[in-house]
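Visitor: As input, take protein12.txt (compact mmCIF, C-alpha atoms):
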```
# COMPACT_ATOMS: atom_id res chain seq x y z
CA MET A 1 0.97 -73.00 46.87
CA TYR A 2 -2.38 -73.31 45.03
CA TYR A 3 -0.91 -71.80 41.87
CA ASN A 4 2.18 -73.99 41.99
CA LEU A 5 0.07 -77.11 42.29
CA ALA A 6 -2.20 -76.09 39.45
CA ASN A 7 0.75 -75.30 37.21
CA GLU A 8 2.29 -78.70 37.85
CA CYS A 9 -1.01 -80.37 37.00
CA ASP A 10 -1.36 -78.25 33.86
CA ILE A 11 2.02 -79.60 32.73
CA LYS A 12 0.96 -83.21 33.33
CA LEU A 13 -2.37 -82.70 31.55
CA ALA A 14 -0.78 -80.99 28.57
CA HIS A 15 1.62 -83.93 28.38
CA LEU A 16 -1.35 -86.30 28.44
CA ARG A 17 -3.42 -84.40 25.85
CA GLY A 18 -0.51 -84.16 23.46
CA ARG A 19 -0.38 -87.94 23.18
CA ILE A 20 -4.05 -88.69 22.76
CA GLY A 21 -4.58 -87.19 19.31
CA THR A 22 -2.37 -89.74 17.60
CA GLU A 23 -4.01 -92.76 19.18
CA GLN A 24 -5.81 -95.59 17.49
CA ASN A 25 -8.09 -97.76 19.56
CA THR A 26 -8.16 -101.23 21.06
CA LEU A 27 -9.70 -104.20 19.28
CA ARG A 28 -12.38 -105.78 21.42
CA PRO A 29 -12.05 -109.53 21.84
CA GLY A 30 -15.21 -111.54 21.41
CA GLY A 31 -17.35 -112.89 18.60
CA HIS A 32 -19.39 -109.80 17.84
CA SER A 33 -20.88 -109.06 14.46
CA LYS A 34 -20.09 -105.33 14.43
CA GLY A 35 -17.30 -104.22 12.14
CA GLU A 36 -13.85 -103.43 13.50
CA ASN A 37 -13.98 -99.86 12.22
CA ASP A 38 -17.25 -99.20 14.06
CA MET A 39 -15.80 -100.52 17.28
CA LYS A 40 -12.60 -98.54 16.90
CA ARG A 41 -14.52 -95.31 16.37
CA THR A 42 -16.73 -95.98 19.37
CA LYS A 43 -13.74 -96.61 21.61
CA LYS A 44 -12.02 -93.48 20.36
CA VAL A 45 -15.02 -91.39 21.41
CA ILE A 46 -15.20 -93.11 24.81
CA ALA A 47 -11.47 -92.85 25.43
CA LEU A 48 -11.30 -89.16 24.57
CA ALA A 49 -14.33 -88.40 26.75
CA LEU A 50 -12.76 -90.25 29.69
CA VAL A 51 -9.49 -88.38 29.25
CA LEU A 52 -11.27 -85.02 29.36
CA VAL A 53 -13.17 -86.01 32.49
CA MET A 54 -9.95 -87.16 34.16
CA ALA A 55 -8.15 -83.99 33.16
CA ALA A 56 -10.86 -81.80 34.65
CA ALA A 57 -10.85 -83.87 37.84
CA LEU A 58 -7.09 -83.58 38.23
CA LEU A 59 -7.15 -79.80 37.81
CA SER A 60 -9.96 -79.38 40.32
CA GLY A 61 -8.29 -81.70 42.83
CA CYS A 62 -4.92 -79.97 42.64
CA GLY A 63 -6.59 -76.66 43.20
CA GLU A 64 -8.30 -77.60 46.49
CA THR A 65 -7.49 -75.60 49.59
CA GLY A 66 -8.68 -75.70 53.16
CA SER A 67 -7.64 -75.91 56.78
CA ALA A 68 -7.04 -79.63 56.34
CA GLY A 69 -4.71 -79.04 53.40
CA ALA A 70 -1.03 -79.82 53.50
CA ALA A 71 -0.23 -76.20 52.70
CA ALA A 72 -1.80 -75.21 55.99
CA SER A 73 -0.46 -78.16 58.00
CA GLY A 74 3.06 -78.08 56.58
CA LYS A 75 3.17 -81.88 56.65
CA THR A 76 5.63 -83.77 54.44
CA TYR A 77 5.65 -87.42 53.49
CA ASN A 78 8.65 -89.50 52.42
CA LEU A 79 7.27 -92.72 50.93
CA VAL A 80 9.11 -95.99 50.27
CA TYR A 81 7.65 -97.10 46.93
CA GLN A 82 8.33 -100.29 44.95
CA CYS A 83 6.74 -101.47 41.72
CA ALA A 84 6.34 -104.97 40.29
CA TRP A 85 8.35 -104.27 37.15
CA GLY A 86 11.98 -104.45 36.14
CA SER A 87 13.68 -101.11 35.48
CA GLY A 88 13.81 -99.78 31.94
CA GLY A 89 10.59 -101.24 30.51
CA GLY A 90 7.29 -99.53 29.78
CA PRO A 91 5.51 -100.71 32.97
CA TYR A 92 8.40 -99.45 35.11
CA GLN A 93 8.24 -96.10 33.33
CA TYR A 94 4.52 -95.89 34.01
CA ALA A 95 5.11 -96.61 37.70
CA SER A 96 7.77 -93.87 37.71
CA ASP A 97 5.39 -91.46 35.96
CA LEU A 98 2.89 -92.02 38.76
CA SER A 99 5.38 -91.16 41.50
CA GLU A 100 6.55 -88.12 39.51
CA ALA A 101 2.96 -86.89 39.13
CA ILE A 102 2.31 -87.26 42.86
CA VAL A 103 5.54 -85.45 43.79
CA ASN A 104 4.91 -82.62 41.29
CA CYS A 105 1.25 -82.10 42.19
CA SER A 106 2.11 -82.06 45.89
CA GLY A 107 4.59 -79.26 45.33
CA GLY A 108 7.30 -81.57 46.65
CA ARG A 109 5.64 -82.21 50.01
CA VAL A 110 5.46 -85.87 49.01
CA THR A 111 8.78 -87.46 48.09
CA MET A 112 8.98 -90.96 46.63
CA GLU A 113 11.33 -92.76 44.27
CA CYS A 114 10.17 -95.71 42.17
CA LEU A 115 12.13 -98.84 43.08
CA ALA A 116 12.18 -101.76 40.61
CA THR A 117 10.80 -105.18 41.42
CA ASN A 118 12.63 -107.15 44.13
CA SER A 119 14.52 -104.04 45.31
CA ILE A 120 13.22 -104.56 48.84
CA VAL A 121 10.84 -107.53 48.65
CA PRO A 122 9.81 -110.04 45.94
CA THR A 123 6.84 -109.06 43.81
CA THR A 124 4.69 -111.80 45.31
CA ASP A 125 5.32 -110.39 48.82
CA MET A 126 4.50 -106.75 48.03
CA LEU A 127 0.95 -106.79 49.42
CA GLN A 128 2.18 -108.18 52.73
CA ALA A 129 5.10 -105.72 52.74
CA VAL A 130 2.73 -102.76 52.33
CA SER A 131 0.50 -104.18 55.04
CA ASN A 132 3.30 -104.57 57.60
CA GLY A 133 5.01 -101.29 56.72
CA THR A 134 8.13 -102.65 55.04
CA LEU A 135 6.90 -100.65 52.06
CA ASP A 136 4.76 -97.53 52.38
CA CYS A 137 3.23 -98.08 48.95
CA ALA A 138 3.55 -100.16 45.81
CA GLN A 139 2.33 -100.50 42.24
CA THR A 140 1.40 -103.93 40.89
CA ALA A 141 -1.28 -105.85 38.99
CA ALA A 142 -3.86 -107.99 40.74
CA THR A 143 -2.60 -111.00 38.81
CA ASN A 144 0.57 -110.78 40.95
CA LEU A 145 -1.43 -111.30 44.14
CA SER A 146 -1.56 -114.82 45.53
CA ASP A 147 -5.36 -115.11 45.71
CA ASP A 148 -6.75 -116.59 42.46
CA SER A 149 -9.94 -114.57 42.98
CA LEU A 150 -8.25 -111.24 42.40
CA GLY A 151 -6.75 -111.28 38.91
CA ILE A 152 -10.09 -110.08 37.54
CA LEU A 153 -9.46 -106.71 39.22
CA SER A 154 -6.77 -106.14 36.57
CA THR A 155 -7.74 -108.28 33.59
CA LEU A 156 -9.95 -111.16 32.48
CA PRO A 157 -9.83 -113.23 29.28
CA VAL A 158 -12.58 -112.05 26.90
CA GLY A 159 -13.65 -109.76 29.73
CA MET A 160 -13.79 -106.00 30.01
CA THR A 161 -11.82 -103.79 27.63
CA PHE A 162 -9.68 -100.82 28.70
CA ASP A 163 -12.51 -98.28 28.41
CA GLU A 164 -14.89 -100.54 30.34
CA TYR A 165 -12.36 -101.04 33.13
CA MET A 166 -11.83 -97.27 33.36
CA GLY A 167 -15.57 -96.63 33.34
CA TRP A 168 -16.20 -99.30 35.97
CA TYR A 169 -13.49 -97.95 38.28
CA VAL A 170 -14.04 -94.21 37.71
CA ALA A 171 -17.81 -93.91 37.30
CA GLY A 172 -19.16 -97.34 38.25
CA GLU A 173 -18.82 -99.32 41.46
CA GLY A 174 -15.32 -100.60 40.73
CA GLN A 175 -13.63 -98.59 43.48
CA GLN A 176 -16.30 -99.64 45.97
CA ILE A 177 -15.77 -103.29 45.04
CA LEU A 178 -12.01 -102.84 45.32
CA ASP A 179 -12.45 -101.31 48.80
CA GLU A 180 -14.61 -104.25 49.88
CA VAL A 181 -12.14 -106.79 48.49
CA MET A 182 -9.19 -105.14 50.24
CA ALA A 183 -11.13 -105.06 53.52
CA GLU A 184 -11.62 -108.80 53.15
CA ILE A 185 -8.10 -109.84 52.12
CA ASP A 186 -6.02 -107.26 54.02
CA SER A 187 -7.72 -104.40 55.82
CA ASN A 188 -4.37 -102.68 56.47
CA VAL A 189 -3.96 -101.83 52.78
CA VAL A 190 -5.80 -99.19 50.72
CA ALA A 191 -5.87 -99.63 46.93
CA PHE A 192 -6.66 -97.52 43.86
CA PRO A 193 -6.49 -98.25 40.12
CA CYS A 194 -3.49 -96.29 38.84
CA GLY A 195 -2.84 -97.34 35.25
CA VAL A 196 -4.13 -99.37 32.34
CA VAL A 197 -2.09 -100.79 29.47
CA ASP A 198 -2.88 -102.04 26.00
CA SER A 199 -3.91 -105.40 24.54
CA GLU A 200 -1.44 -108.25 24.17
CA ILE A 201 -0.53 -110.48 21.22
CA LEU A 202 -2.29 -113.84 21.53
CA TYR A 203 0.54 -116.16 20.43
CA HIS A 204 4.07 -116.27 19.13
CA SER A 205 4.51 -119.81 17.83
CA THR A 206 6.86 -122.17 16.02
CA THR A 207 3.94 -123.75 14.17
CA PRO A 208 1.04 -121.92 12.48
CA ILE A 209 -1.98 -121.17 14.70
CA THR A 210 -4.71 -120.06 12.34
CA CYS A 211 -7.74 -121.29 14.30
CA LEU A 212 -8.72 -123.07 17.52
CA ASP A 213 -8.22 -126.51 16.01
CA ASP A 214 -4.53 -125.68 15.63
CA ILE A 215 -3.93 -125.34 19.37
CA LYS A 216 -5.13 -128.84 20.23
CA GLY A 217 -2.25 -130.81 21.69
CA LEU A 218 0.22 -127.93 21.38
CA LYS A 219 2.44 -127.11 24.35
CA ILE A 220 1.44 -123.53 25.08
CA ARG A 221 2.60 -121.24 27.88
CA GLY A 222 -0.43 -119.99 29.80
CA VAL A 223 -1.22 -118.54 33.21
CA SER A 224 -4.16 -118.02 35.56
CA ASP A 225 -7.71 -118.09 34.15
CA TRP A 226 -6.49 -118.19 30.56
CA ALA A 227 -4.53 -121.39 31.26
CA ASN A 228 -7.74 -123.05 32.48
CA ILE A 229 -9.67 -121.86 29.44
CA GLU A 230 -6.94 -123.03 27.04
CA THR A 231 -6.97 -126.46 28.67
CA ARG A 232 -10.70 -126.72 27.99
CA LEU A 233 -10.01 -125.74 24.38
CA GLY A 234 -7.59 -128.65 24.00
CA ALA A 235 -4.16 -127.10 24.52
CA SER A 236 -1.46 -128.74 26.61
CA VAL A 237 -0.75 -125.81 28.92
CA VAL A 238 2.71 -125.25 30.34
CA THR A 239 3.11 -122.86 33.28
CA MET A 240 6.34 -120.90 33.27
CA ASP A 241 7.68 -117.45 34.05
CA GLY A 242 7.37 -115.00 31.18
CA GLY A 243 11.10 -114.44 31.19
CA ASP A 244 11.63 -118.10 30.26
CA CYS A 245 9.45 -118.05 27.14
CA TYR A 246 12.14 -116.99 24.65
CA GLU A 247 14.46 -119.82 25.61
CA ALA A 248 11.61 -122.32 25.76
CA LEU A 249 10.48 -121.42 22.24
CA SER A 250 14.02 -121.58 20.89
CA ARG A 251 14.62 -125.01 22.45
CA GLY A 252 11.24 -126.44 21.50
CA THR A 253 10.15 -126.86 25.11
CA ILE A 254 6.92 -125.11 24.12
CA ASP A 255 5.25 -124.61 20.75
CA ALA A 256 3.63 -121.26 21.49
CA ALA A 257 3.54 -118.56 24.13
CA GLU A 258 1.46 -115.60 25.18
CA TYR A 259 3.65 -112.97 26.77
CA SER A 260 2.76 -109.29 26.45
CA SER A 261 2.03 -106.40 24.08
CA PRO A 262 3.72 -105.78 20.70
CA SER A 263 6.33 -103.36 22.08
CA ALA A 264 7.32 -105.70 24.94
CA ASN A 265 7.32 -108.77 22.69
CA TRP A 266 9.44 -107.06 20.06
CA ALA A 267 11.95 -106.01 22.71
CA ALA A 268 11.99 -109.59 24.04
CA GLY A 269 12.91 -110.82 20.55
CA PHE A 270 10.20 -113.45 20.00
CA GLN A 271 10.28 -112.73 16.26
CA GLU A 272 13.76 -114.27 16.27
CA VAL A 273 12.60 -117.70 17.48
CA ALA A 274 8.93 -117.89 16.46
CA PRO A 275 8.06 -117.26 12.79
CA TYR A 276 4.28 -117.20 13.39
CA LEU A 277 2.12 -114.70 15.27
CA THR A 278 -1.60 -114.76 16.09
CA VAL A 279 -3.98 -111.97 17.16
CA PRO A 280 -6.18 -110.66 18.75
CA GLY A 281 -5.17 -110.91 22.40
CA VAL A 282 -8.48 -112.27 23.65
CA HIS A 283 -6.69 -113.57 26.74
CA GLN A 284 -5.82 -110.00 27.84
CA SER A 285 -7.39 -107.03 26.12
CA CYS A 286 -5.83 -104.75 28.74
CA ALA A 287 -4.30 -104.80 32.23
CA VAL A 288 -5.10 -102.44 35.10
CA TYR A 289 -2.38 -101.54 37.60
CA LEU A 290 -3.14 -101.00 41.28
CA PHE A 291 -1.57 -98.54 43.72
CA LEU A 292 -1.34 -100.06 47.21
CA ILE A 293 -0.66 -97.92 50.28
CA ASN A 294 -0.39 -98.78 53.96
CA ARG A 295 -3.58 -97.75 55.75
CA GLY A 296 -1.72 -96.14 58.63
CA VAL A 297 0.31 -94.04 56.20
CA TRP A 298 -2.83 -93.17 54.24
CA GLU A 299 -4.82 -92.10 57.29
CA SER A 300 -1.91 -89.96 58.52
CA MET A 301 -2.14 -87.84 55.36
CA ASP A 302 -4.13 -84.64 55.12
CA GLU A 303 -7.14 -84.60 52.83
CA GLN A 304 -5.49 -82.60 50.06
CA THR A 305 -2.56 -85.01 49.77
CA GLN A 306 -4.97 -87.95 49.66
CA ASN A 307 -6.89 -86.22 46.85
CA ILE A 308 -3.68 -85.55 44.92
CA ILE A 309 -2.74 -89.24 45.09
CA LYS A 310 -6.20 -90.44 44.06
CA LEU A 311 -6.47 -88.02 41.16
CA ALA A 312 -2.93 -88.71 39.95
CA CYS A 313 -3.80 -92.43 39.92
CA THR A 314 -6.91 -91.73 37.85
CA ALA A 315 -5.07 -89.50 35.37
CA MET A 316 -2.30 -92.06 34.93
CA MET A 317 -4.85 -94.60 33.71
CA ALA A 318 -5.43 -92.48 30.61
CA GLN A 319 -1.79 -91.49 30.15
CA ASN A 320 -0.44 -95.04 30.47
CA TRP A 321 -2.87 -96.42 27.93
CA ALA A 322 -2.17 -93.59 25.46
CA GLU A 323 1.59 -94.02 25.68
CA ASP A 324 1.33 -97.80 25.49
CA ARG A 325 -0.85 -97.61 22.39
CA VAL A 326 1.71 -95.39 20.63
CA ALA A 327 4.58 -97.75 21.52
CA ASN A 328 2.58 -100.78 20.40
CA GLY A 329 1.59 -99.10 17.14
CA GLN A 330 5.25 -98.54 16.35
CA ALA A 331 6.20 -102.10 17.26
CA TRP A 332 3.33 -103.54 15.25
CA GLU A 333 4.65 -101.80 12.14
CA GLN A 334 7.96 -103.57 12.73
CA PHE A 335 6.17 -106.93 12.86
CA LYS A 336 4.30 -106.03 9.66
CA GLU A 337 7.57 -105.13 7.98
CA LEU A 338 8.94 -108.57 8.82
CA GLU A 339 5.80 -110.08 7.32
CA ALA A 340 6.33 -108.08 4.13
CA GLN A 341 9.88 -109.45 3.99
CA GLY A 342 8.60 -113.02 4.27
CA LYS A 343 10.22 -113.51 7.67
CA LEU A 344 7.00 -113.66 9.72
CA THR A 345 3.42 -114.82 9.12
CA ILE A 346 0.61 -113.07 10.99
CA TYR A 347 -2.77 -114.73 11.51
CA ARG A 348 -6.04 -113.45 12.93
CA MET A 349 -8.23 -115.89 14.85
CA PRO A 350 -11.55 -116.28 12.98
CA ASP A 351 -14.61 -114.59 14.46
CA GLU A 352 -16.40 -117.91 14.95
CA ASP A 353 -13.46 -119.19 17.00
CA ILE A 354 -13.43 -116.04 19.13
CA ALA A 355 -17.14 -116.67 19.77
CA LYS A 356 -16.25 -120.23 20.83
CA ILE A 357 -13.59 -118.91 23.23
CA GLN A 358 -16.22 -116.55 24.70
CA GLN A 359 -18.63 -119.46 25.17
CA VAL A 360 -16.06 -121.67 26.89
CA ALA A 361 -14.90 -118.76 29.05
CA ASP A 362 -18.47 -117.95 30.12
CA GLU A 363 -18.99 -121.57 31.18
CA TYR A 364 -15.72 -121.51 33.13
CA TYR A 365 -16.62 -118.22 34.87
CA ALA A 366 -20.07 -119.53 35.82
CA GLU A 367 -18.44 -122.53 37.50
CA LYS A 368 -15.85 -120.34 39.20
CA CYS A 369 -18.56 -118.03 40.53
CA GLN A 370 -20.27 -121.04 42.13
CA SER A 371 -17.11 -122.09 43.96
CA ASN A 372 -15.51 -118.70 44.64
CA PRO A 373 -17.78 -116.03 46.21
CA LEU A 374 -15.11 -113.32 46.08
CA PHE A 375 -14.57 -113.82 42.35
CA ALA A 376 -18.35 -113.89 41.89
CA LYS A 377 -18.76 -110.52 43.61
CA ILE A 378 -16.27 -108.86 41.24
CA TYR A 379 -17.41 -110.67 38.11
CA GLU A 380 -21.10 -109.92 38.64
CA SER A 381 -20.35 -106.24 39.24
CA GLN A 382 -18.32 -106.02 36.04
CA GLN A 383 -20.99 -107.78 33.99
CA ALA A 384 -23.63 -105.44 35.38
CA TYR A 385 -21.54 -102.44 34.31
CA ILE A 386 -21.07 -103.83 30.78
CA GLN A 387 -24.83 -104.37 30.48
CA SER A 388 -25.63 -100.91 31.83
CA VAL A 389 -23.64 -99.15 29.11
CA GLY A 390 -23.89 -101.74 26.33
CA ASN A 391 -27.04 -100.52 24.58
CA TRP A 392 -25.81 -96.95 24.42
CA SER A 393 -22.33 -98.01 23.30
CA GLU A 394 -23.92 -99.86 20.40
CA ALA A 395 -26.27 -96.99 19.59
CA ALA A 396 -23.38 -94.51 19.63
CA SER A 397 -21.25 -96.53 17.22
CA TYR A 398 -20.99 -95.42 13.58
```
Take the structure in the file and give it back as structure tokens.

Guide:
Amino acid sequence: MYYNLANECDIKLAHLRGRIGTEQNTLRPGGHSKGENDMKRTKKVIALALVLVMAAALLSGCGETGSAGAAASGKTYNLVYQCAWGSGGGPYQYASDLSEAIVNCSGGRVTMECLATNSIVPTTDMLQAVSNGTLDCAQTAATNLSDDSLGILSTLPVGMTFDEYMGWYVAGEGQQILDEVMAEIDSNVVAFPCGVVDSEILYHSTTPITCLDDIKGLKIRGVSDWANIETRLGASVVTMDGGDCYEALSRGTIDAAEYSSPSANWAAGFQEVAPYLTVPGVHQSCAVYLFLINRGVWESMDEQTQNIIKLACTAMMAQNWAEDRVANGQAWEQFKELEAQGKLTIYRMPDEDIAKIQQVADEYYAEKCQSNPLFAKIYESQQAYIQSVGNWSEAASY
């Protein structure tokens, strides 16, 4: 069984490595003076190093043996698994890739099929459903959880970038913080980071947004922390489901919307109803997905199966981001082609305005930390991680 498991993991890792070489790297939001090319090169080095570490970890984990192993115990696990995404899209595919990796690396002793959002319970009820056993496990983003403190576990406007989130979770104290948070909000659920996806487009709009002054008074779709920050910047924020944005733009109910990444936005057709586009996606430079599993189910598993699940989750963080970057690169070229045809105008928010967004966001987070101890615990840990690697990241850039 050892050799079968290792072979399955070799296949997944070869699949992962084959995608990394073509990748470009995420733009970091924020008003920094370093050039974009320097930052891109730095992130490429970091991303590739993280992928190699994850690959080595997955191989070593799949090769573990011992009396506690499933091979010795003969245990099998049939898991009811639902994700927070509709079938057919990139996020759903990433959730399916995770279940496939777990099944393959377990040699089939774990069986699980990825069910689309709302198949058994609504997305907003998934945490409770995992806790009470209606679902054995689930994949979601922390922004889908009801507690306003928790979105930061997946993303934060002008917060950590994809490589910083991976570093914080994999090598920093991110997993420890996640364990502590879950113990506080629902001790019957165990959680692991299991994916990270690319930056979003800032706005699709029916009127040009070239700088911060342009958003003042505009009706803009916004959610969570970003909605609060936009309000402070002068926008008239409208809260609505992402699926309603296309119709709202076409009818003039809103003037601008943030929705998702280039590939998702192209598929949604925003270029058909909004002739202006603004980057970078300072409101969401990335999004981390979480794997939730019922504690009773988790503790019933042998150690090897637990290790397979944890390592598959870690490996999927690199694979998801790599695949998402490729898809977004292709979609971005389609947006650029429309621009060349005179059918779309693309703007980049000026650096001084990004610095202003950072300043307003920092003030907002300081106030939120004062009133929300749980948010403060997560935020302070993330800021400490950024500071701990910041000097070397800058020194390593070229």

Visitor: When distances are computed from all atoms listed in the file, which of A:Gly90, A:Pro275, A:Pro208, A:Pro280 shows the smallest separation from Lys343 of chain A?

Guide: A:Pro275

Visitor: Have a look at atom CA of Ala235 of chain A and atom CA of Ile152 of chain A and let me know their distance in Å, one decimal.

Guide: 22.2 Å

Visitor: Edge lengths and centre in Å to one decimal, as lines of an AutoDock Vina configuration file, is what I'm after for the box along x, y and z that holds all listed atoms of segment 219-225 of chain A once 6 Å is added on each side.

Guide:
```
center_x = -2.6
center_y = -122.6
center_z = 30.0
size_x = 22.3
size_y = 21.1
size_z = 23.2
```

Visitor: Looking at A:Gln284, A:Asn265, A:Asn372, A:Asn132, which one is nearest to Ala227 of chain A, with distances taken over only C-alpha atoms?

Guide: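 Nearest to Ala227 of chain A: A:Gln284.
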
Visitor: So the first atom is atom CA of Arg295 of chain A and the second is atom CA of Ala84 of chain A; what is the distance between them in Å, to one decimal place?

Guide: 19.7 Å

Visitor: I need the residue nearest Tyr203 of chain A from this list: A:Asp324, A:Glu258, A:Asp186, A:Asp302. Use all atoms listed in the file for the distance.

Guide: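 Among the listed residues, A:Glu258 lies closest to Tyr203 of chain A.
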
Visitor: Once N, CA and C atoms are restored for segment 163-188 of chain A, what would the output be as a short mmCIF file (atom, residue, chain, number, x, y, z; two decimals), in the frame of the given file?

Guide:
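The file below, selection_39.cif, is the result:
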```cif
data_model
loop_
_atom_site.label_atom_id
_atom_site.label_comp_id
_atom_site.auth_asym_id
_atom_site.auth_seq_id
_atom_site.Cartn_x
_atom_site.Cartn_y
_atom_site.Cartn_z
N ASP A 163 -11.56 -99.34 28.13
CA ASP A 163 -12.51 -98.28 28.41
C ASP A 163 -13.57 -98.73 29.41
N GLU A 164 -13.92 -100.02 29.37
CA GLU A 164 -14.89 -100.54 30.34
C GLU A 164 -14.28 -100.62 31.74
N TYR A 165 -13.02 -101.04 31.81
CA TYR A 165 -12.36 -101.04 33.13
C TYR A 165 -12.29 -99.62 33.69
N MET A 166 -11.91 -98.65 32.87
CA MET A 166 -11.83 -97.27 33.36
C MET A 166 -13.20 -96.77 33.79
N GLY A 167 -14.22 -97.06 32.98
CA GLY A 167 -15.57 -96.63 33.34
C GLY A 167 -16.05 -97.27 34.62
N TRP A 168 -15.77 -98.57 34.77
CA TRP A 168 -16.20 -99.30 35.97
C TRP A 168 -15.53 -98.74 37.22
N TYR A 169 -14.22 -98.47 37.12
CA TYR A 169 -13.49 -97.95 38.28
C TYR A 169 -13.81 -96.49 38.56
N VAL A 170 -13.91 -95.66 37.52
CA VAL A 170 -14.04 -94.21 37.71
C VAL A 170 -15.48 -93.80 37.97
N ALA A 171 -16.42 -94.36 37.20
CA ALA A 171 -17.81 -93.91 37.30
C ALA A 171 -18.77 -95.00 37.77
N GLY A 172 -18.33 -96.25 37.77
CA GLY A 172 -19.16 -97.34 38.25
C GLY A 172 -18.83 -97.67 39.70
N GLU A 173 -19.06 -98.93 40.07
CA GLU A 173 -18.82 -99.32 41.46
C GLU A 173 -17.50 -100.04 41.64
N GLY A 174 -16.59 -99.89 40.66
CA GLY A 174 -15.32 -100.60 40.73
C GLY A 174 -14.51 -100.27 41.97
N GLN A 175 -14.41 -98.96 42.30
CA GLN A 175 -13.63 -98.59 43.48
C GLN A 175 -14.28 -99.12 44.75
N GLN A 176 -15.60 -99.09 44.81
CA GLN A 176 -16.30 -99.64 45.97
C GLN A 176 -16.02 -101.13 46.12
N ILE A 177 -16.07 -101.86 45.01
CA ILE A 177 -15.77 -103.29 45.04
C ILE A 177 -14.33 -103.52 45.47
N LEU A 178 -13.41 -102.71 44.94
CA LEU A 178 -12.01 -102.84 45.32
C LEU A 178 -11.83 -102.60 46.82
N ASP A 179 -12.51 -101.59 47.36
CA ASP A 179 -12.45 -101.31 48.80
C ASP A 179 -12.94 -102.52 49.61
N GLU A 180 -14.04 -103.11 49.16
CA GLU A 180 -14.61 -104.25 49.88
C GLU A 180 -13.68 -105.46 49.81
N VAL A 181 -13.06 -105.66 48.65
CA VAL A 181 -12.14 -106.79 48.49
C VAL A 181 -10.93 -106.60 49.39
N MET A 182 -10.36 -105.39 49.41
CA MET A 182 -9.19 -105.14 50.24
C MET A 182 -9.53 -105.30 51.73
N ALA A 183 -10.72 -104.89 52.12
CA ALA A 183 -11.13 -105.06 53.52
C ALA A 183 -11.19 -106.54 53.88
N GLU A 184 -11.50 -107.37 52.90
CA GLU A 184 -11.62 -108.80 53.15
C GLU A 184 -10.27 -109.50 53.15
N ILE A 185 -9.37 -109.10 52.23
CA ILE A 185 -8.10 -109.84 52.12
C ILE A 185 -6.99 -109.24 52.97
N ASP A 186 -7.02 -107.91 53.17
CA ASP A 186 -6.02 -107.26 54.02
C ASP A 186 -6.49 -105.84 54.33
N SER A 187 -7.11 -105.69 55.46
CA SER A 187 -7.72 -104.40 55.82
C SER A 187 -6.69 -103.32 56.12
N ASN A 188 -5.41 -103.68 56.19
CA ASN A 188 -4.37 -102.68 56.47
C ASN A 188 -3.79 -102.07 55.19
#
```
